[in-house]
file query_38.txt (compact mmCIF, C-alpha atoms)
# COMPACT_ATOMS: atom_id res chain seq x y z
CA MET A 456 -2.95 -9.55 -30.02
CA ALA A 457 -3.00 -6.77 -27.41
CA LYS A 458 -6.26 -6.31 -25.52
CA VAL A 459 -5.26 -3.25 -23.51
CA GLY A 460 -3.59 -0.10 -24.70
CA ILE A 461 -1.42 1.74 -22.21
CA VAL A 462 -0.82 5.22 -23.54
CA MET A 463 0.86 8.23 -21.98
CA GLY A 464 1.58 11.77 -23.05
CA SER A 465 5.31 11.63 -22.29
CA ASP A 466 7.99 9.06 -21.57
CA SER A 467 8.42 10.81 -18.21
CA ASP A 468 5.08 9.19 -17.28
CA LEU A 469 6.45 5.67 -17.79
CA GLU A 470 7.41 5.09 -14.13
CA VAL A 471 3.83 5.90 -13.11
CA MET A 472 2.32 3.71 -15.84
CA LYS A 473 4.65 0.73 -15.31
CA PRO A 474 2.52 -0.78 -12.49
CA ALA A 475 -0.36 -1.10 -14.97
CA ALA A 476 1.83 -3.23 -17.21
CA GLU A 477 2.94 -5.31 -14.22
CA ILE A 478 -0.68 -6.01 -13.21
CA LEU A 479 -1.61 -6.96 -16.77
CA ASP A 480 1.43 -9.26 -16.89
CA GLU A 481 0.31 -10.87 -13.63
CA PHE A 482 -3.10 -11.64 -15.16
CA GLY A 483 -1.70 -12.70 -18.52
CA VAL A 484 -3.43 -9.90 -20.40
CA ALA A 485 -1.69 -8.74 -23.57
CA TYR A 486 -1.07 -5.02 -23.94
CA GLU A 487 0.73 -2.43 -26.00
CA VAL A 488 2.52 0.64 -24.66
CA THR A 489 2.53 3.93 -26.55
CA VAL A 490 3.75 7.50 -26.00
CA CYS A 491 1.44 9.88 -27.82
CA SER A 492 0.74 13.48 -26.86
CA ALA A 493 -2.72 14.98 -27.32
CA HIS A 494 -1.15 18.41 -27.72
CA ARG A 495 2.10 17.72 -29.57
CA LEU A 496 0.79 14.87 -31.77
CA PRO A 497 -2.95 15.49 -32.12
CA ARG A 498 -3.34 13.71 -35.48
CA GLU A 499 -1.37 10.68 -34.30
CA THR A 500 -3.40 10.57 -31.08
CA ALA A 501 -6.63 10.60 -33.07
CA LYS A 502 -5.31 7.82 -35.33
CA TYR A 503 -4.22 5.78 -32.29
CA ALA A 504 -7.75 5.93 -30.90
CA GLU A 505 -9.56 5.50 -34.22
CA THR A 506 -7.60 2.34 -35.05
CA ALA A 507 -7.62 0.83 -31.55
CA ILE A 508 -10.49 -1.58 -32.21
CA ASP A 509 -8.89 -2.76 -35.48
CA ARG A 510 -5.68 -3.49 -33.52
CA GLY A 511 -7.67 -5.72 -31.13
CA LEU A 512 -7.78 -3.38 -28.16
CA GLU A 513 -10.75 -3.68 -25.83
CA VAL A 514 -9.77 -1.14 -23.15
CA ILE A 515 -7.41 1.84 -23.13
CA ILE A 516 -5.56 3.11 -20.06
CA ALA A 517 -4.40 6.68 -20.66
CA GLY A 518 -2.09 8.51 -18.27
CA ALA A 519 -1.57 12.25 -18.39
CA GLY A 520 -0.35 15.07 -16.20
CA GLY A 521 -1.00 18.79 -16.12
CA ALA A 522 -3.88 19.73 -18.39
CA ALA A 523 -4.38 15.95 -18.84
CA HIS A 524 -6.36 16.00 -22.08
CA LEU A 525 -5.02 12.71 -23.46
CA PRO A 526 -7.67 10.40 -21.92
CA GLY A 527 -10.52 12.65 -23.07
CA VAL A 528 -9.13 13.13 -26.56
CA ILE A 529 -8.72 9.38 -26.94
CA ALA A 530 -12.26 8.78 -25.63
CA SER A 531 -13.60 11.24 -28.20
CA PHE A 532 -12.18 9.13 -31.05
CA THR A 533 -13.21 5.64 -29.88
CA THR A 534 -16.13 3.86 -28.26
CA LEU A 535 -13.80 1.65 -26.23
CA PRO A 536 -13.73 2.15 -22.47
CA VAL A 537 -10.99 4.61 -21.54
CA ILE A 538 -9.53 4.67 -18.05
CA GLY A 539 -7.71 7.86 -17.16
CA VAL A 540 -4.72 7.93 -14.82
CA PRO A 541 -4.04 11.43 -13.49
CA ILE A 542 -0.30 11.88 -13.10
CA LYS A 543 1.16 13.82 -10.20
CA THR A 544 2.69 17.10 -11.27
CA SER A 545 5.19 19.30 -9.48
CA THR A 546 2.95 22.34 -9.81
CA LEU A 547 -0.36 21.14 -8.34
CA SER A 548 0.51 17.61 -7.14
CA GLY A 549 -1.75 15.98 -9.72
CA VAL A 550 -4.97 17.67 -8.64
CA ASP A 551 -4.98 19.54 -11.96
CA SER A 552 -4.61 16.23 -13.79
CA LEU A 553 -7.37 14.63 -11.72
CA TYR A 554 -9.85 17.42 -12.37
CA SER A 555 -9.05 17.52 -16.08
CA ILE A 556 -9.75 13.81 -16.46
CA VAL A 557 -12.65 13.31 -14.07
CA GLN A 558 -14.62 16.37 -15.27
CA MET A 559 -15.29 15.13 -18.80
CA PRO A 560 -18.27 16.70 -20.53
CA ARG A 561 -21.47 14.69 -20.82
CA GLY A 562 -21.40 12.17 -23.64
CA ILE A 563 -17.67 11.36 -23.62
CA PRO A 564 -17.03 9.48 -20.37
CA VAL A 565 -13.61 8.57 -19.05
CA ALA A 566 -13.34 6.32 -16.02
CA THR A 567 -10.82 7.87 -13.65
CA VAL A 568 -8.66 6.32 -10.94
CA GLY A 569 -6.62 8.06 -8.27
CA ILE A 570 -3.51 10.12 -8.89
CA ASN A 571 -0.65 7.86 -10.07
CA ALA A 572 -2.92 4.81 -9.58
CA SER A 573 -2.13 2.95 -12.80
CA ALA A 574 -2.28 -0.40 -10.98
CA ASN A 575 -5.93 0.28 -10.16
CA ALA A 576 -6.52 1.28 -13.78
CA ALA A 577 -5.16 -2.10 -14.86
CA LEU A 578 -7.33 -3.91 -12.32
CA LEU A 579 -10.36 -2.05 -13.66
CA ALA A 580 -9.35 -3.06 -17.19
CA VAL A 581 -9.06 -6.67 -16.02
CA SER A 582 -12.55 -6.42 -14.49
CA ILE A 583 -13.94 -5.14 -17.78
CA LEU A 584 -12.25 -7.91 -19.78
CA ALA A 585 -13.37 -10.52 -17.22
CA LEU A 586 -17.00 -9.83 -18.12
CA LYS A 587 -16.58 -12.09 -21.15
CA ASP A 588 -13.60 -14.21 -20.06
CA PRO A 589 -14.45 -16.74 -17.32
CA GLY A 590 -10.79 -17.72 -16.84
CA LEU A 591 -9.78 -14.12 -16.29
CA ARG A 592 -12.73 -13.63 -13.92
CA GLU A 593 -11.54 -16.63 -11.89
CA ARG A 594 -7.99 -15.24 -11.70
CA LEU A 595 -9.40 -11.88 -10.57
CA GLU A 596 -11.46 -13.57 -7.86
CA GLU A 597 -8.36 -15.47 -6.69
CA PHE A 598 -6.36 -12.23 -6.65
CA ARG A 599 -8.96 -10.56 -4.44
CA GLN A 600 -9.08 -13.59 -2.14
CA ARG A 601 -5.28 -13.45 -1.75
CA GLN A 602 -5.56 -9.78 -0.84
CA ALA A 603 -8.17 -10.60 1.80
CA GLU A 604 -5.99 -13.36 3.25
CA GLU A 605 -3.02 -10.98 3.44
CA VAL A 606 -5.08 -8.49 5.45
CA LYS A 607 -6.28 -11.24 7.81
CA ALA A 608 -2.69 -12.40 8.34
CA LYS A 609 -1.55 -8.85 9.11
CA ASP A 610 -4.38 -8.43 11.60
CA ALA A 611 -3.48 -11.68 13.37
CA ARG A 612 0.19 -10.65 13.51
CA LEU A 613 -0.73 -7.23 14.94
CA LYS A 614 -2.82 -8.86 17.63
CA GLU A 615 0.02 -11.27 18.44
CA LEU A 616 2.83 -8.70 18.58
CA GLY A 617 1.11 -5.50 19.67
CA ILE A 618 1.55 -2.11 18.07
CA GLU A 619 5.20 -1.34 18.82
CA ARG A 620 6.64 -4.77 17.93
CA TYR A 621 4.47 -4.97 14.83
CA LEU A 622 5.70 -1.60 13.59
CA GLN A 623 9.31 -2.62 14.27
CA THR A 624 8.93 -5.76 12.17
CA ARG A 625 7.53 -3.76 9.25
CA GLY A 626 10.83 -1.89 8.86
call {"tool": "encode", "arguments": {"input": "query_38.txt", "output": "structure tokens"}}
result
Amino acid sequence: MAKVGIVMGSDSDLEVMKPAAEILDEFGVAYEVTVCSAHRLPRETAKYAETAIDRGLEVIIAGAGGAAHLPGVIASFTTLPVIGVPIKTSTLSGVDSLYSIVQMPRGIPVATVGINASANAALLAVSILALKDPGLRERLEEFRQRQAEEVKAKDARLKELGIERYLQTRG
């Protein structure tokens, strides 16, 4: 049964939301993916959120661009944690999306990650799920340790090669 819902307002958001699915795959967390517009399908969006717990969801990641109401609308219909992913737009480069999601009114919170940062949304979802899943918590700790080791290796290589040679080897 899916533990995380990945929902977006349009299929054009799928490229931005795909890294969230990849992170959840890496951690072995089951998820469902849905396209559901807060503006064009308001009743269906409400039903999606209202039935999320019954479907086994524990966290929802909602991506939206422009007016970006999808994460807030979903949060208003469920008590599950909702993580908003502001999607970069051609008009205002995603700043409009960011403000729409992060400036939720008191009482209906939506956690918000950076513009197009669905991978971070998935990592936050994993952190939330890891609170009650020791195996998942261990995998998350190992993931973070691998990241730290990668940075240490890059630092050592930079010191060995110097700036110019290091940059040349990075492509």
call {"tool": "closest_residue", "arguments": {"input": "query_38.txt", "among": "A:Glu596, A:Ile542, A:Gly521, A:Phe532", "to": "Ser573 in chain A", "atoms": "only C-alpha atoms"}}
result
A:Ile542
call {"tool": "residues_around", "arguments": {"input": "query_38.txt", "residues": "Arg510 in chain A", "least_positions_apart": "4", "cutoff": "8 Å", "atoms": "all atoms listed in the file", "output": "number ranges by chain"}}
result
A: 456-457, 506
call {"tool": "write_last_selection", "arguments": {"input": "query_38.txt", "atoms": "C-alpha atoms", "output": "CSV table (one decimal), keeping the file's coordinate frame"}}
result
chain,number,residue,atom,x,y,z
A,456,MET,CA,-3.0,-9.6,-30.0
A,457,ALA,CA,-3.0,-6.8,-27.4
A,506,THR,CA,-7.6,2.3,-35.0
call {"tool": "closest_residue", "arguments": {"input": "query_38.txt", "among": "A:Pro536, A:Gly549, A:Gly483, A:Gly562", "to": "Ala517 in chain A", "atoms": "all atoms listed in the file"}}
result
A:Pro536
call {"tool": "axis_aligned_box", "arguments": {"input": "query_38.txt", "around": "range 585-590 of chain A", "padding_each_side": "4 Å", "output": "AutoDock Vina command-line options"}}
result
--center_x -13.9 --center_y -13.8 --center_z -19.0 --size_x 14.2 --size_y 15.9 --size_z 12.3
call {"tool": "closest_residue", "arguments": {"input": "query_38.txt", "among": "A:Leu496, A:Ala507, A:Ile538, A:Leu579", "to": "Met559 in chain A", "atoms": "only C-alpha atoms"}}
result
A:Ile538
call {"tool": "atom_distance", "arguments": {"input": "query_38.txt", "atom1": "CA of Asn571 in chain A", "atom2": "CA of Arg599 in chain A"}}
result
21.0 Å
call {"tool": "residues_around", "arguments": {"input": "query_38.txt", "residues": "range 543-547 of chain A", "least_positions_apart": "4", "cutoff": "10 Å", "atoms": "only C-alpha atoms", "output": "PyMOL selection string"}}
result
chain A and resi 468+471+519-521+551-553+569-572
call {"tool": "closest_residue", "arguments": {"input": "query_38.txt", "among": "A:Val557, A:Met472, A:Ile563, A:Val537", "to": "Ala580 in chain A", "atoms": "all atoms listed in the file"}}
result
A:Val537
call {"tool": "residues_around", "arguments": {"input": "query_38.txt", "residues": "Glu505 in chain A", "least_positions_apart": "4", "cutoff": "10 Å", "atoms": "only C-alpha atoms", "output": "tab-separated table (two decimals) with C-alpha atoms, keeping the file's coordinate frame"}}
result
chain	number	residue	atom	x	y	z
A	499	GLU	CA	-1.37	10.68	-34.30
A	500	THR	CA	-3.40	10.57	-31.08
A	501	ALA	CA	-6.63	10.60	-33.07
A	509	ASP	CA	-8.89	-2.76	-35.48
A	510	ARG	CA	-5.68	-3.49	-33.52
A	529	ILE	CA	-8.72	9.38	-26.94
A	530	ALA	CA	-12.26	8.78	-25.63
A	531	SER	CA	-13.60	11.24	-28.20
A	532	PHE	CA	-12.18	9.13	-31.05
A	533	THR	CA	-13.21	5.64	-29.88
A	534	THR	CA	-16.13	3.86	-28.26
A	535	LEU	CA	-13.80	1.65	-26.23
call {"tool": "closest_residue", "arguments": {"input": "query_38.txt", "among": "A:Val606, A:Ala485, A:Leu586, A:Ile516", "to": "Gly464 in chain A", "atoms": "all atoms listed in the file"}}
result
A:Ile516
call {"tool": "atom_distance", "arguments": {"input": "query_38.txt", "atom1": "CA of Tyr503 in chain A", "atom2": "CA of Cys491 in chain A"}}
result
8.3 Å
call {"tool": "atom_distance", "arguments": {"input": "query_38.txt", "atom1": "CA of Glu513 in chain A", "atom2": "CA of Lys458 in chain A"}}
result
5.2 Å
